[in-house]
Structures are given as structure tokens and as C-alpha cells.
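K.L.:
Contents are mmCIF, N, CA and C atoms; file name model.cif:
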data_work
#
loop_
_atom_site.label_atom_id
_atom_site.label_comp_id
_atom_site.auth_asym_id
_atom_site.auth_seq_id
_atom_site.Cartn_x
_atom_site.Cartn_y
_atom_site.Cartn_z
N GLN A 1 0.85 -1.19 0.00
CA GLN A 1 0.00 0.00 0.00
C GLN A 1 0.89 1.25 0.00
N VAL A 2 0.63 2.13 -0.94
CA VAL A 2 1.41 3.34 -1.05
C VAL A 2 0.91 4.37 -0.04
N GLN A 3 1.84 4.98 0.65
CA GLN A 3 1.50 6.06 1.58
C GLN A 3 2.46 7.21 1.42
N LEU A 4 1.91 8.41 1.42
CA LEU A 4 2.70 9.63 1.46
C LEU A 4 2.24 10.40 2.70
N VAL A 5 3.19 10.78 3.53
CA VAL A 5 2.83 11.45 4.78
C VAL A 5 3.58 12.77 4.86
N GLU A 6 2.81 13.86 4.88
CA GLU A 6 3.40 15.19 5.01
C GLU A 6 3.51 15.58 6.47
N SER A 7 4.47 16.44 6.74
CA SER A 7 4.63 17.00 8.08
C SER A 7 5.32 18.34 7.97
N GLY A 8 5.30 19.09 9.05
CA GLY A 8 6.03 20.34 9.09
C GLY A 8 5.18 21.59 8.98
N GLY A 9 3.89 21.41 8.77
CA GLY A 9 3.03 22.58 8.68
C GLY A 9 2.85 23.25 10.03
N GLY A 10 2.23 24.42 10.01
CA GLY A 10 1.99 25.14 11.24
C GLY A 10 1.62 26.58 10.98
N VAL A 11 1.69 27.37 12.02
CA VAL A 11 1.39 28.79 11.92
C VAL A 11 2.70 29.57 11.95
N VAL A 12 2.84 30.49 11.03
CA VAL A 12 4.07 31.28 10.94
C VAL A 12 3.68 32.71 10.61
N GLN A 13 4.48 33.65 11.04
CA GLN A 13 4.20 35.06 10.75
C GLN A 13 4.67 35.42 9.34
N VAL A 14 4.12 36.50 8.82
CA VAL A 14 4.53 37.00 7.51
C VAL A 14 6.05 37.20 7.49
N GLY A 15 6.66 36.72 6.42
CA GLY A 15 8.10 36.82 6.28
C GLY A 15 8.86 35.65 6.84
N GLY A 16 8.15 34.77 7.53
CA GLY A 16 8.80 33.62 8.15
C GLY A 16 9.03 32.48 7.17
N SER A 17 9.54 31.38 7.71
CA SER A 17 9.89 30.21 6.89
C SER A 17 9.33 28.94 7.52
N LEU A 18 9.09 27.98 6.67
CA LEU A 18 8.72 26.64 7.11
C LEU A 18 9.34 25.64 6.15
N ARG A 19 9.61 24.45 6.66
CA ARG A 19 10.05 23.36 5.79
C ARG A 19 9.10 22.19 5.96
N LEU A 20 8.47 21.84 4.87
CA LEU A 20 7.59 20.69 4.86
C LEU A 20 8.35 19.45 4.42
N SER A 21 7.94 18.32 4.95
CA SER A 21 8.51 17.03 4.56
C SER A 21 7.40 16.12 4.08
N CYS A 22 7.76 15.22 3.20
CA CYS A 22 6.82 14.20 2.71
C CYS A 22 7.60 12.90 2.60
N THR A 23 7.19 11.92 3.39
CA THR A 23 7.86 10.63 3.39
C THR A 23 6.96 9.58 2.77
N ALA A 24 7.53 8.82 1.86
CA ALA A 24 6.76 7.85 1.10
C ALA A 24 7.12 6.42 1.51
N SER A 25 6.16 5.53 1.33
CA SER A 25 6.38 4.10 1.54
C SER A 25 5.50 3.34 0.57
N GLY A 26 5.91 2.10 0.28
CA GLY A 26 5.10 1.25 -0.57
C GLY A 26 5.30 1.46 -2.06
N LEU A 27 6.31 2.23 -2.45
CA LEU A 27 6.59 2.42 -3.87
C LEU A 27 8.09 2.64 -4.05
N THR A 28 8.55 2.45 -5.30
CA THR A 28 9.95 2.70 -5.61
C THR A 28 10.12 4.20 -5.76
N PHE A 29 10.43 4.84 -4.68
CA PHE A 29 10.35 6.29 -4.58
C PHE A 29 11.31 6.98 -5.55
N SER A 30 12.51 6.44 -5.70
CA SER A 30 13.53 7.13 -6.48
C SER A 30 13.20 7.22 -7.97
N THR A 31 12.24 6.43 -8.44
CA THR A 31 11.88 6.47 -9.85
C THR A 31 10.65 7.33 -10.13
N LYS A 32 10.12 7.95 -9.12
CA LYS A 32 8.89 8.72 -9.26
C LYS A 32 9.16 10.23 -9.14
N ALA A 33 8.64 10.97 -10.09
CA ALA A 33 8.63 12.42 -9.94
C ALA A 33 7.61 12.78 -8.87
N VAL A 34 7.95 13.75 -8.07
CA VAL A 34 7.10 14.17 -6.96
C VAL A 34 6.87 15.68 -7.04
N SER A 35 5.70 16.09 -6.70
CA SER A 35 5.38 17.52 -6.69
C SER A 35 4.65 17.89 -5.42
N TRP A 36 4.65 19.17 -5.16
CA TRP A 36 3.85 19.75 -4.09
C TRP A 36 2.71 20.56 -4.72
N PHE A 37 1.56 20.44 -4.09
CA PHE A 37 0.39 21.23 -4.46
C PHE A 37 -0.15 21.88 -3.19
N ARG A 38 -1.02 22.83 -3.39
CA ARG A 38 -1.70 23.42 -2.24
C ARG A 38 -3.13 23.75 -2.59
N GLN A 39 -3.94 23.83 -1.56
CA GLN A 39 -5.35 24.17 -1.77
C GLN A 39 -5.83 25.04 -0.62
N ALA A 40 -6.30 26.22 -0.97
CA ALA A 40 -6.87 27.14 0.01
C ALA A 40 -8.38 26.95 0.02
N PRO A 41 -9.04 27.33 1.10
CA PRO A 41 -10.49 27.17 1.18
C PRO A 41 -11.19 27.87 0.02
N GLY A 42 -12.09 27.14 -0.63
CA GLY A 42 -12.86 27.71 -1.72
C GLY A 42 -12.12 27.83 -3.03
N LYS A 43 -10.89 27.33 -3.09
CA LYS A 43 -10.10 27.44 -4.31
C LYS A 43 -9.72 26.05 -4.82
N GLU A 44 -9.33 26.01 -6.08
CA GLU A 44 -8.89 24.75 -6.67
C GLU A 44 -7.48 24.41 -6.20
N ARG A 45 -7.16 23.13 -6.31
CA ARG A 45 -5.81 22.70 -5.97
C ARG A 45 -4.83 23.32 -6.95
N GLU A 46 -3.74 23.83 -6.43
CA GLU A 46 -2.79 24.63 -7.20
C GLU A 46 -1.40 23.99 -7.18
N PHE A 47 -0.76 23.93 -8.33
CA PHE A 47 0.60 23.42 -8.42
C PHE A 47 1.55 24.38 -7.71
N VAL A 48 2.48 23.81 -6.94
CA VAL A 48 3.48 24.61 -6.22
C VAL A 48 4.87 24.37 -6.79
N LEU A 49 5.31 23.13 -6.79
CA LEU A 49 6.69 22.85 -7.18
C LEU A 49 6.85 21.39 -7.51
N ALA A 50 7.65 21.12 -8.54
CA ALA A 50 7.96 19.75 -8.94
C ALA A 50 9.44 19.47 -8.70
N ILE A 51 9.73 18.25 -8.31
CA ILE A 51 11.10 17.85 -8.01
C ILE A 51 11.45 16.66 -8.89
N SER A 52 12.62 16.74 -9.53
CA SER A 52 13.04 15.65 -10.40
C SER A 52 13.32 14.39 -9.59
N ARG A 53 13.45 13.29 -10.30
CA ARG A 53 13.65 12.00 -9.63
C ARG A 53 14.95 11.95 -8.83
N THR A 54 15.97 12.62 -9.32
CA THR A 54 17.24 12.62 -8.60
C THR A 54 17.32 13.75 -7.58
N GLY A 55 16.42 14.69 -7.67
CA GLY A 55 16.43 15.82 -6.74
C GLY A 55 17.37 16.94 -7.16
N ASP A 56 17.97 16.83 -8.33
CA ASP A 56 18.92 17.86 -8.75
C ASP A 56 18.25 19.02 -9.47
N SER A 57 16.96 18.86 -9.73
CA SER A 57 16.22 19.94 -10.40
C SER A 57 14.86 20.09 -9.75
N SER A 58 14.38 21.32 -9.76
CA SER A 58 13.02 21.57 -9.31
C SER A 58 12.46 22.73 -10.11
N TYR A 59 11.16 22.78 -10.18
CA TYR A 59 10.50 23.84 -10.94
C TYR A 59 9.30 24.30 -10.15
N SER A 60 9.24 25.59 -9.88
CA SER A 60 8.15 26.10 -9.06
C SER A 60 7.23 26.98 -9.88
N ALA A 61 6.02 27.12 -9.39
CA ALA A 61 5.08 28.04 -10.01
C ALA A 61 5.63 29.46 -9.90
N SER A 62 5.20 30.31 -10.80
CA SER A 62 5.80 31.64 -10.91
C SER A 62 5.66 32.46 -9.63
N SER A 63 4.54 32.33 -8.94
CA SER A 63 4.33 33.14 -7.74
C SER A 63 5.21 32.69 -6.57
N MET A 64 5.84 31.54 -6.70
CA MET A 64 6.70 31.03 -5.64
C MET A 64 8.18 31.07 -5.98
N LYS A 65 8.49 31.43 -7.20
CA LYS A 65 9.90 31.45 -7.60
C LYS A 65 10.69 32.39 -6.71
N GLY A 66 11.85 31.92 -6.31
CA GLY A 66 12.70 32.72 -5.44
C GLY A 66 12.35 32.61 -3.97
N ARG A 67 11.18 32.02 -3.67
CA ARG A 67 10.78 31.88 -2.26
C ARG A 67 10.71 30.41 -1.84
N PHE A 68 10.29 29.55 -2.74
CA PHE A 68 10.12 28.12 -2.42
C PHE A 68 11.17 27.32 -3.18
N THR A 69 11.76 26.36 -2.51
CA THR A 69 12.67 25.43 -3.17
C THR A 69 12.34 24.01 -2.74
N GLY A 70 12.69 23.09 -3.60
CA GLY A 70 12.41 21.69 -3.32
C GLY A 70 13.68 20.86 -3.31
N SER A 71 13.65 19.79 -2.57
CA SER A 71 14.76 18.85 -2.55
C SER A 71 14.23 17.48 -2.17
N ARG A 72 15.06 16.50 -2.31
CA ARG A 72 14.65 15.15 -1.92
C ARG A 72 15.86 14.35 -1.47
N ASP A 73 15.59 13.37 -0.63
CA ASP A 73 16.59 12.43 -0.15
C ASP A 73 16.02 11.05 -0.44
N ASN A 74 16.46 10.46 -1.53
CA ASN A 74 15.89 9.17 -1.92
C ASN A 74 16.26 8.05 -0.94
N ALA A 75 17.35 8.22 -0.23
CA ALA A 75 17.73 7.22 0.76
C ALA A 75 16.72 7.19 1.91
N LYS A 76 16.05 8.32 2.12
CA LYS A 76 15.04 8.41 3.18
C LYS A 76 13.63 8.42 2.62
N ASN A 77 13.50 8.25 1.32
CA ASN A 77 12.18 8.29 0.67
C ASN A 77 11.42 9.58 1.04
N THR A 78 12.12 10.68 1.05
CA THR A 78 11.53 11.92 1.53
C THR A 78 11.83 13.07 0.58
N VAL A 79 10.81 13.91 0.38
CA VAL A 79 11.00 15.16 -0.33
C VAL A 79 10.69 16.30 0.63
N TYR A 80 11.26 17.44 0.30
CA TYR A 80 11.12 18.61 1.17
C TYR A 80 10.64 19.81 0.36
N LEU A 81 9.95 20.68 1.03
CA LEU A 81 9.56 21.96 0.45
C LEU A 81 9.99 23.05 1.44
N GLN A 82 10.99 23.79 1.06
CA GLN A 82 11.45 24.90 1.89
C GLN A 82 10.73 26.16 1.44
N MET A 83 10.02 26.79 2.35
CA MET A 83 9.23 27.97 2.03
C MET A 83 9.75 29.15 2.83
N ASN A 84 10.20 30.17 2.13
CA ASN A 84 10.73 31.38 2.75
C ASN A 84 9.88 32.58 2.37
N SER A 85 10.05 33.66 3.11
CA SER A 85 9.33 34.91 2.82
C SER A 85 7.84 34.66 2.64
N LEU A 86 7.28 33.96 3.57
CA LEU A 86 5.87 33.58 3.46
C LEU A 86 4.96 34.79 3.58
N ILE A 87 3.88 34.74 2.83
CA ILE A 87 2.87 35.80 2.80
C ILE A 87 1.51 35.18 3.11
N PRO A 88 0.54 35.99 3.50
CA PRO A 88 -0.77 35.42 3.85
C PRO A 88 -1.39 34.59 2.73
N GLU A 89 -1.11 34.95 1.49
CA GLU A 89 -1.66 34.21 0.35
C GLU A 89 -1.12 32.79 0.25
N ASP A 90 -0.08 32.49 1.00
CA ASP A 90 0.46 31.13 1.01
C ASP A 90 -0.32 30.22 1.96
N THR A 91 -1.25 30.77 2.70
CA THR A 91 -2.05 29.96 3.61
C THR A 91 -2.88 28.95 2.83
N ALA A 92 -2.70 27.68 3.16
CA ALA A 92 -3.39 26.60 2.43
C ALA A 92 -3.03 25.27 3.05
N PHE A 93 -3.74 24.25 2.59
CA PHE A 93 -3.33 22.88 2.88
C PHE A 93 -2.33 22.50 1.80
N TYR A 94 -1.19 21.95 2.20
CA TYR A 94 -0.14 21.57 1.27
C TYR A 94 -0.08 20.05 1.17
N TYR A 95 -0.03 19.58 -0.08
CA TYR A 95 -0.02 18.15 -0.34
C TYR A 95 1.20 17.79 -1.17
N CYS A 96 1.76 16.62 -0.92
CA CYS A 96 2.73 16.08 -1.86
C CYS A 96 2.04 14.99 -2.68
N ALA A 97 2.54 14.81 -3.88
CA ALA A 97 1.94 13.84 -4.79
C ALA A 97 3.04 13.20 -5.61
N ALA A 98 2.89 11.92 -5.89
CA ALA A 98 3.85 11.18 -6.69
C ALA A 98 3.17 10.64 -7.94
N ARG A 99 3.90 10.67 -9.03
CA ARG A 99 3.36 10.12 -10.26
C ARG A 99 3.38 8.60 -10.20
N GLY A 100 2.49 7.98 -10.95
CA GLY A 100 2.41 6.53 -10.97
C GLY A 100 3.30 5.90 -12.01
N THR A 101 3.95 6.71 -12.83
CA THR A 101 4.81 6.20 -13.89
C THR A 101 6.25 6.56 -13.62
N ASP A 102 7.15 5.73 -14.15
CA ASP A 102 8.59 6.01 -14.06
C ASP A 102 9.06 6.83 -15.26
N ASN A 103 8.17 7.07 -16.20
CA ASN A 103 8.56 7.72 -17.45
C ASN A 103 8.11 9.17 -17.49
N GLY A 104 8.64 9.87 -18.48
CA GLY A 104 8.21 11.24 -18.70
C GLY A 104 9.00 12.23 -17.88
N GLY A 105 8.81 13.49 -18.19
CA GLY A 105 9.48 14.55 -17.49
C GLY A 105 8.93 14.72 -16.09
N TYR A 106 9.66 15.47 -15.28
CA TYR A 106 9.23 15.63 -13.89
C TYR A 106 8.30 16.81 -13.69
N TYR A 107 8.33 17.75 -14.62
CA TYR A 107 7.51 18.95 -14.46
C TYR A 107 6.13 18.68 -15.05
N VAL A 108 5.24 18.26 -14.16
CA VAL A 108 3.86 17.99 -14.54
C VAL A 108 2.99 18.72 -13.54
N SER A 109 2.25 19.69 -14.00
CA SER A 109 1.54 20.58 -13.08
C SER A 109 0.07 20.23 -12.88
N SER A 110 -0.43 19.28 -13.63
CA SER A 110 -1.84 18.93 -13.49
C SER A 110 -2.04 17.88 -12.41
N PRO A 111 -2.88 18.17 -11.44
CA PRO A 111 -3.11 17.19 -10.35
C PRO A 111 -3.60 15.84 -10.87
N SER A 112 -4.30 15.82 -11.98
CA SER A 112 -4.85 14.56 -12.49
C SER A 112 -3.77 13.60 -12.96
N GLU A 113 -2.56 14.08 -13.14
CA GLU A 113 -1.46 13.23 -13.60
C GLU A 113 -0.76 12.50 -12.46
N TYR A 114 -1.22 12.70 -11.26
CA TYR A 114 -0.56 12.11 -10.09
C TYR A 114 -1.41 10.99 -9.51
N ALA A 115 -0.75 9.87 -9.24
CA ALA A 115 -1.48 8.69 -8.79
C ALA A 115 -1.59 8.61 -7.27
N TYR A 116 -0.62 9.19 -6.59
CA TYR A 116 -0.55 9.02 -5.13
C TYR A 116 -0.49 10.39 -4.46
N TRP A 117 -1.25 10.51 -3.38
CA TRP A 117 -1.35 11.76 -2.65
C TRP A 117 -1.23 11.53 -1.15
N GLY A 118 -0.64 12.52 -0.49
CA GLY A 118 -0.64 12.51 0.96
C GLY A 118 -1.92 13.13 1.49
N GLN A 119 -2.03 13.16 2.82
CA GLN A 119 -3.23 13.67 3.45
C GLN A 119 -3.20 15.19 3.62
N GLY A 120 -2.02 15.77 3.44
CA GLY A 120 -1.89 17.22 3.52
C GLY A 120 -1.47 17.71 4.89
N THR A 121 -0.90 18.89 4.89
CA THR A 121 -0.52 19.56 6.14
C THR A 121 -0.87 21.03 6.01
N GLN A 122 -1.43 21.58 7.07
CA GLN A 122 -1.92 22.96 7.02
C GLN A 122 -0.79 23.95 7.27
N VAL A 123 -0.74 24.96 6.43
CA VAL A 123 0.18 26.08 6.62
C VAL A 123 -0.66 27.35 6.74
N THR A 124 -0.44 28.07 7.82
CA THR A 124 -1.16 29.32 8.04
C THR A 124 -0.15 30.43 8.26
N VAL A 125 -0.27 31.47 7.44
CA VAL A 125 0.62 32.62 7.56
C VAL A 125 -0.19 33.77 8.13
N SER A 126 0.21 34.22 9.30
CA SER A 126 -0.54 35.27 9.98
C SER A 126 0.13 36.62 9.79
N SER A 127 -0.70 37.64 9.70
CA SER A 127 -0.17 39.00 9.44
C SER A 127 -0.31 39.90 10.65
#
The structure in this file should be written as C-alpha cells.
P.N.:
Amino acid sequence: QVQLVESGGGVVQVGGSLRLSCTASGLTFSTKAVSWFRQAPGKEREFVLAISRTGDSSYSASSMKGRFTGSRDNAKNTVYLQMNSLIPEDTAFYYCAARGTDNGGYYVSSPSEYAYWGQGTQVTVSS
């Protein structure tokens, strides 16, 4: 059974930082592209950042460029989302997702292309 478990969310003040983690089990993690998404109340799920299979590349949505970075440790089956300079608009539930295929590029921004999802972790940025 595939499981993705996020952690690291919480309440942070404007301008602060958080690092989210997502640990996977039940799949060959190193062969799967993984991305982070977020969803705010009343809004659609939004692409945040994609991380390549080796972790040497990442691609973030334009509104997060320069503030969010991604990394992964395949030995620990874990990906990370480092979020800096947080703003109230970053308040959302954050999810990690893994693709079900070993093929294709890692930058896939459509949620429907992901087979596995975590339960999410809440991030609240207070002003």
C-alpha cells in the first residue's frame, strides 16, 4: 500500500519560513517524480513545485519562484519543500503527490497526472 505522509506545517508570521517534509512508503520512490500542491479554502488545488527524480532539479510556479525550493533524499524516501518569505496568500493545505509512472518529465503541473497523494498539512501565515 502506497502512503505519502506530510509533516512540518503550522502557523508562521509573515516573512517567516517553514520546511515541509513528505515521506513515502510502498513504492519505488527514487523512480517517481514528486510535486507539491496546495489548496486554500474555496479554491482549486494549485501546483506549487515539482522535483526531479534525482532531486537535482526543481520547478516552481511563478508566484513562488525565489521563495520556495524543493529537494529530496531518496535514501530516506523523503521530499522537502522549503518555504521562505511567506505571505498570507500562502495559507493553504499543502499536499505532496507522486506520479504513478517512471517515465516522462518531472515537471507535470496537473493534479490529475498524479497517482498518489498525501493527506496534507496545514500552513497558516498570519499578518
K.L.:
Show me, as a VMD selection string, the residues that have an atom within 10 Å of range 54-70 of chain A when counting only C-alpha atoms, minus same-chain residues fewer than 2 positions from it.
P.N.:
chain A and resid 17 to 21 30 to 37 46 to 52 72 to 74 79 to 86 90 106 to 109
K.L.:
Let me make sure I understand: among A:Ser127, A:Tyr94, A:Gly105, A:Tyr114, which one has the smallest atom-to-atom distance to Ala40 in chain A if we use only C-alpha atoms?
P.N.:
A:Tyr94
K.L.:
From the list A:Lys76, A:Glu113, A:Glu6, A:Val12, which residue is nearest Tyr95 in chain A when using only N, CA and C atoms?
P.N.:
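Comparing A:Lys76, A:Glu113, A:Glu6, A:Val12 against Tyr95 in chain A, the winner is A:Glu6.
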K.L.:
Would you mind reading off the distance between atom C of Arg99 in chain A and atom N of Val125 in chain A, one decimal, in Å?
P.N.:
29.1 Å
K.L.:
Let me know the residues the PyMOL selection byres ((chain A and resi 9) around 5) catches in the file above, as an mmCIF file with N, CA and C atoms, keeping the file's coordinate frame.
P.N.:
data_model
loop_
_atom_site.group_PDB
_atom_site.id
_atom_site.type_symbol
_atom_site.label_atom_id
_atom_site.label_comp_id
_atom_site.auth_asym_id
_atom_site.auth_seq_id
_atom_site.Cartn_x
_atom_site.Cartn_y
_atom_site.Cartn_z
ATOM 1 N N SER A 7 4.470 16.440 6.740
ATOM 2 C CA SER A 7 4.630 17.000 8.080
ATOM 3 C C SER A 7 5.320 18.340 7.970
ATOM 4 N N GLY A 8 5.300 19.090 9.050
ATOM 5 C CA GLY A 8 6.030 20.340 9.090
ATOM 6 C C GLY A 8 5.180 21.590 8.980
ATOM 7 N N GLY A 10 2.230 24.420 10.010
ATOM 8 C CA GLY A 10 1.990 25.140 11.240
ATOM 9 C C GLY A 10 1.620 26.580 10.980
ATOM 10 N N VAL A 11 1.690 27.370 12.020
ATOM 11 C CA VAL A 11 1.390 28.790 11.920
ATOM 12 C C VAL A 11 2.700 29.570 11.950
ATOM 13 N N THR A 121 -0.900 18.890 4.890
ATOM 14 C CA THR A 121 -0.520 19.560 6.140
ATOM 15 C C THR A 121 -0.870 21.030 6.010
ATOM 16 N N GLN A 122 -1.430 21.580 7.070
ATOM 17 C CA GLN A 122 -1.920 22.960 7.020
ATOM 18 C C GLN A 122 -0.790 23.950 7.270
ATOM 19 N N VAL A 123 -0.740 24.960 6.430
ATOM 20 C CA VAL A 123 0.180 26.080 6.620
ATOM 21 C C VAL A 123 -0.660 27.350 6.740
#
K.L.:
Just asking: which residues within chain A are strand (DSSP E or B) according to DSSP, as a PyMOL selection string?
P.N.:
chain A and resi 3-7+10-13+18-25+34-39+46-51+58-60+68-73+78-83+92-98+116-117+121-126
K.L.:
How many Å separate atom C of Phe29 in chain A from atom C of Gln119 in chain A?
P.N.:
19.0 Å
K.L.:
Dump as a list in words all residues having an atom at most 12 Å from (10.2, 2.3, 2.1), computed in the file's coordinates with only C-alpha atoms.
P.N.:
Gln1, Val2, Gln3, Leu4, Thr23, Ala24, Ser25, Gly26, Leu27, Thr28, Phe29, Ser30, Asn74, Ala75, Lys76, Asn77 and Thr78 of chain A
K.L.:
Could you give me the residues within chain A that DSSP places in helix (DSSP H, G or I), as a CSV table (one decimal) with N, CA and C atoms, in the coordinates of the input?
P.N.:
chain,number,residue,atom,x,y,z
A,29,PHE,N,10.4,4.8,-4.7
A,29,PHE,CA,10.4,6.3,-4.6
A,29,PHE,C,11.3,7.0,-5.6
A,30,SER,N,12.5,6.4,-5.7
A,30,SER,CA,13.5,7.1,-6.5
A,30,SER,C,13.2,7.2,-8.0
A,31,THR,N,12.2,6.4,-8.4
A,31,THR,CA,11.9,6.5,-9.8
A,31,THR,C,10.6,7.3,-10.1
A,62,SER,N,5.2,30.3,-10.8
A,62,SER,CA,5.8,31.6,-10.9
A,62,SER,C,5.7,32.5,-9.6
A,63,SER,N,4.5,32.3,-8.9
A,63,SER,CA,4.3,33.1,-7.7
A,63,SER,C,5.2,32.7,-6.6
A,64,MET,N,5.8,31.5,-6.7
A,64,MET,CA,6.7,31.0,-5.6
A,64,MET,C,8.2,31.1,-6.0
A,74,ASN,N,16.5,10.5,-1.5
A,74,ASN,CA,15.9,9.2,-1.9
A,74,ASN,C,16.3,8.0,-0.9
A,75,ALA,N,17.4,8.2,-0.2
A,75,ALA,CA,17.7,7.2,0.8
A,75,ALA,C,16.7,7.2,1.9
A,76,LYS,N,16.0,8.3,2.1
A,76,LYS,CA,15.0,8.4,3.2
A,76,LYS,C,13.6,8.4,2.6
A,88,PRO,N,0.5,36.0,3.5
A,88,PRO,CA,-0.8,35.4,3.8
A,88,PRO,C,-1.4,34.6,2.7
A,89,GLU,N,-1.1,35.0,1.5
A,89,GLU,CA,-1.7,34.2,0.4
A,89,GLU,C,-1.1,32.8,0.2
A,90,ASP,N,-0.1,32.5,1.0
A,90,ASP,CA,0.5,31.1,1.0
A,90,ASP,C,-0.3,30.2,2.0
A,111,PRO,N,-2.9,18.2,-11.4
A,111,PRO,CA,-3.1,17.2,-10.4
A,111,PRO,C,-3.6,15.8,-10.9
A,112,SER,N,-4.3,15.8,-12.0
A,112,SER,CA,-4.8,14.6,-12.5
A,112,SER,C,-3.8,13.6,-13.0
A,113,GLU,N,-2.6,14.1,-13.1
A,113,GLU,CA,-1.5,13.2,-13.6
A,113,GLU,C,-0.8,12.5,-12.5
K.L.:
Could you work out how far CA of Ala98 in chain A lies from CA of Tyr116 in chain A, giving the answer in Å with one decimal?
P.N.:
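CA of Tyr116 in chain A sits 5.1 Å away from CA of Ala98 in chain A.
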K.L.:
Box for range 87-100 of chain A: with edges along x, y and z, all listed atoms inside and 6 Å added on each side, what are the centre and edge lengths in Å to one decimal, as AutoDock Vina command-line options?
P.N.:
--center_x 0.1 --center_y 20.9 --center_z -4.1 --size_x 19.6 --size_y 42.1 --size_z 27.9
K.L.:
Taking all heavy atoms as the atom set, what does range 62-69 of chain A look like once completed, written as a CSV table (one decimal), in the coordinates of the input?
P.N.:
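selection28.csv was written with the following content:
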chain,number,residue,atom,x,y,z
A,62,SER,N,5.2,30.3,-10.8
A,62,SER,CA,5.8,31.6,-10.9
A,62,SER,C,5.7,32.5,-9.6
A,62,SER,O,6.6,33.2,-9.2
A,62,SER,CB,5.2,32.4,-12.1
A,62,SER,OG,3.8,32.5,-11.9
A,63,SER,N,4.5,32.3,-8.9
A,63,SER,CA,4.3,33.1,-7.7
A,63,SER,C,5.2,32.7,-6.6
A,63,SER,O,5.3,33.4,-5.6
A,63,SER,CB,2.9,33.1,-7.3
A,63,SER,OG,2.5,31.8,-7.0
A,64,MET,N,5.8,31.5,-6.7
A,64,MET,CA,6.7,31.0,-5.6
A,64,MET,C,8.2,31.1,-6.0
A,64,MET,O,9.0,30.7,-5.1
A,64,MET,CB,6.3,29.6,-5.3
A,64,MET,CG,4.9,29.5,-4.8
A,64,MET,SD,4.0,28.4,-5.8
A,64,MET,CE,2.3,28.7,-5.3
A,65,LYS,N,8.5,31.4,-7.2
A,65,LYS,CA,9.9,31.4,-7.6
A,65,LYS,C,10.7,32.4,-6.7
A,65,LYS,O,10.3,33.5,-6.4
A,65,LYS,CB,10.0,31.9,-9.1
A,65,LYS,CG,9.7,30.8,-10.0
A,65,LYS,CD,10.1,31.1,-11.4
A,65,LYS,CE,9.6,30.1,-12.4
A,65,LYS,NZ,10.1,28.8,-12.2
A,66,GLY,N,11.8,31.9,-6.3
A,66,GLY,CA,12.7,32.7,-5.4
A,66,GLY,C,12.4,32.6,-4.0
A,66,GLY,O,13.1,33.0,-3.1
A,67,ARG,N,11.2,32.0,-3.7
A,67,ARG,CA,10.8,31.9,-2.3
A,67,ARG,C,10.7,30.4,-1.8
A,67,ARG,O,11.0,30.1,-0.7
A,67,ARG,CB,9.4,32.5,-2.0
A,67,ARG,CG,9.4,34.0,-2.3
A,67,ARG,CD,8.0,34.6,-1.8
A,67,ARG,NE,6.9,34.0,-2.5
A,67,ARG,CZ,5.9,33.5,-1.8
A,67,ARG,NH1,5.9,33.4,-0.4
A,67,ARG,NH2,4.8,33.0,-2.4
A,68,PHE,N,10.3,29.6,-2.7
A,68,PHE,CA,10.1,28.1,-2.4
A,68,PHE,C,11.2,27.3,-3.2
A,68,PHE,O,11.4,27.5,-4.4
A,68,PHE,CB,8.7,27.6,-2.8
A,68,PHE,CG,7.6,28.2,-2.0
A,68,PHE,CD1,7.7,29.2,-1.1
A,68,PHE,CD2,6.3,27.6,-2.2
A,68,PHE,CE1,6.7,29.7,-0.4
A,68,PHE,CE2,5.2,28.1,-1.5
A,68,PHE,CZ,5.4,29.1,-0.6
A,69,THR,N,11.8,26.4,-2.5
A,69,THR,CA,12.7,25.4,-3.2
A,69,THR,C,12.3,24.0,-2.7
A,69,THR,O,11.8,23.8,-1.6
A,69,THR,CB,14.1,25.7,-2.8
A,69,THR,OG1,14.3,25.7,-1.4
A,69,THR,CG2,14.6,27.1,-3.4
